[in-house]
Amino acid sequence: MPRHIIVKTYDPVWEQTYQLEKELITSILDQNLVEIHHIGSTAVRGLSAKPIIDIMPVVKSLSEVDIVANEFIKIGYECLGEFGIIGRRYMRKGGDERTHHIHIFQSNDKQNIERHLAVRDYLRSHKNEARKYAELKTKLALQFPYDIDGYCKGKEDFVQELESKAILWYRK
């Protein structure tokens, strides 16, 4: 059965969940870790979201991440390689009812790191944009409850425009 898409109102537990997972990831990546960020909608206080914690570790070396991939598997992650974004290591946890996504980038991948941080920080600072985004996601989850492609396609134009505005704002 396809994954059920549910958008929930903001839950402060998401930040606590991130902190717990951050400790596990930090211990696995150890000296390779440069910084780690809670990204995505669950990182924006007040924003409705699919209850999946997105985490972005920034590392010195992706090849070192590949060496410790089994440690992520031991704590419940599937390691899916680049998974559509060159220079990323993507992992997910929770099977069909996902709980966590990890997006690992090497520290010299400024473009991908910046766009994730820019969108997060823009939504944190622009409550009206966050409200519009929440309304769109809620509507799409109701319209496409078992169709992740339809849900994502419905967000595509909004997210592209949001990302462009966020990056310009972030660079100021």
# chains A, B, ... in the order shown; residues from 1 in each chain; ligands from 1
$ select_by_dssp --residues "stretch 1-103 of chain A" --states "strand (DSSP E or B)" --output "list in words"
Lys8, Leu33, Val34, Glu35, Ile36, His37, His38, Ile39, Ala49, Ile53, Asp54, Ile55, Met56, Pro57, Val58, Val59, Tyr77, Glu78, Cys79, Arg88, Arg89, Tyr90, Met91, Arg92, Lys93, His100, His101, Ile102 and His103 of chain A
$ write_last_selection --atoms "N, CA and C atoms" --output "CSV table (one decimal), in the first residue's frame"
chain,number,residue,atom,x,y,z
A,8,LYS,N,0.6,17.6,9.6
A,8,LYS,CA,0.1,17.9,10.9
A,8,LYS,C,0.5,19.3,11.3
A,33,LEU,N,32.4,15.3,11.0
A,33,LEU,CA,31.3,16.3,11.1
A,33,LEU,C,31.8,17.7,11.3
A,34,VAL,N,31.3,18.6,10.4
A,34,VAL,CA,31.6,20.0,10.5
A,34,VAL,C,30.5,20.7,11.3
A,35,GLU,N,29.3,20.5,10.9
A,35,GLU,CA,28.1,21.1,11.6
A,35,GLU,C,26.9,20.2,11.2
A,36,ILE,N,25.8,20.4,11.9
A,36,ILE,CA,24.6,19.7,11.7
A,36,ILE,C,23.4,20.6,11.9
A,37,HIS,N,22.4,20.5,11.1
A,37,HIS,CA,21.2,21.4,11.1
A,37,HIS,C,19.9,20.6,11.0
A,38,HIS,N,18.9,21.1,11.7
A,38,HIS,CA,17.6,20.7,11.6
A,38,HIS,C,17.0,21.5,10.4
A,39,ILE,N,16.6,20.9,9.4
A,39,ILE,CA,16.0,21.6,8.2
A,39,ILE,C,14.6,21.2,7.9
A,49,ALA,N,3.4,20.4,8.9
A,49,ALA,CA,4.4,19.6,8.1
A,49,ALA,C,4.0,18.1,8.2
A,53,ILE,N,11.4,14.3,10.4
A,53,ILE,CA,12.5,15.2,10.8
A,53,ILE,C,13.6,15.1,9.7
A,54,ASP,N,13.9,16.3,9.1
A,54,ASP,CA,14.9,16.4,8.1
A,54,ASP,C,16.2,17.0,8.8
A,55,ILE,N,17.3,16.3,8.6
A,55,ILE,CA,18.5,16.6,9.2
A,55,ILE,C,19.6,16.7,8.1
A,56,MET,N,20.4,17.8,8.3
A,56,MET,CA,21.5,18.1,7.3
A,56,MET,C,22.8,18.1,8.0
A,57,PRO,N,23.5,17.0,8.0
A,57,PRO,CA,24.9,17.1,8.5
A,57,PRO,C,25.8,17.6,7.4
A,58,VAL,N,26.8,18.4,7.7
A,58,VAL,CA,27.8,18.9,6.8
A,58,VAL,C,29.1,18.3,7.2
A,59,VAL,N,29.8,17.6,6.3
A,59,VAL,CA,31.0,16.8,6.6
A,59,VAL,C,32.2,17.3,5.8
A,77,TYR,N,18.5,3.2,9.6
A,77,TYR,CA,18.4,4.0,8.3
A,77,TYR,C,18.6,3.1,7.1
A,78,GLU,N,18.0,3.5,6.0
A,78,GLU,CA,18.3,2.9,4.7
A,78,GLU,C,19.3,3.9,4.1
A,79,CYS,N,20.3,3.5,3.5
A,79,CYS,CA,21.3,4.4,2.8
A,79,CYS,C,21.1,4.3,1.3
A,88,ARG,N,25.3,14.3,-2.6
A,88,ARG,CA,24.6,14.2,-1.4
A,88,ARG,C,24.6,12.7,-1.0
A,89,ARG,N,24.5,12.4,0.3
A,89,ARG,CA,24.3,11.1,0.8
A,89,ARG,C,22.9,11.2,1.5
A,90,TYR,N,22.0,10.4,1.0
A,90,TYR,CA,20.6,10.5,1.5
A,90,TYR,C,20.3,9.2,2.3
A,91,MET,N,19.7,9.4,3.4
A,91,MET,CA,19.3,8.2,4.2
A,91,MET,C,17.9,8.5,4.8
A,92,ARG,N,17.1,7.4,5.0
A,92,ARG,CA,15.8,7.6,5.5
A,92,ARG,C,15.5,6.5,6.5
A,93,LYS,N,14.6,6.8,7.5
A,93,LYS,CA,14.3,5.9,8.6
A,93,LYS,C,12.8,5.8,8.7
A,100,HIS,N,12.4,10.0,9.7
A,100,HIS,CA,13.6,10.9,9.6
A,100,HIS,C,14.2,10.8,8.2
A,101,HIS,N,14.7,11.9,7.7
A,101,HIS,CA,15.5,11.9,6.5
A,101,HIS,C,16.9,12.6,6.8
A,102,ILE,N,17.9,12.0,6.3
A,102,ILE,CA,19.2,12.7,6.5
A,102,ILE,C,19.7,13.1,5.1
A,103,HIS,N,20.2,14.3,5.0
A,103,HIS,CA,20.8,14.8,3.7
A,103,HIS,C,22.2,15.3,4.1
$ residues_around --residues "A:Ile85" --least-positions-apart "6" --cutoff "12 Å" --atoms "only C-alpha atoms" --output "list in words"
His103, Ile104, Phe105, Asp109, Gln111 and Asn112 of chain A
$ select_by_dssp --residues "stretch 48-102 of chain A" --states "alpha helix (DSSP H)" --output "VMD selection string"
chain A and resid 62 to 67 69 to 74
$ closest_atom_pairs --of "stretch 5-91 of chain A" --to "stretch 146-151 of chain A" --cutoff "12 Å" --atoms "only C-alpha atoms" --output "JSON lines"
{"residue": "A:Ile5", "atom": "CA", "partner": "A:Tyr146", "partner_atom": "CA", "distance": 6.0}
{"residue": "A:Ile6", "atom": "CA", "partner": "A:Tyr146", "partner_atom": "CA", "distance": 9.3}
{"residue": "A:Val7", "atom": "CA", "partner": "A:Tyr151", "partner_atom": "CA", "distance": 11.0}
{"residue": "A:Lys50", "atom": "CA", "partner": "A:Tyr151", "partner_atom": "CA", "distance": 11.4}
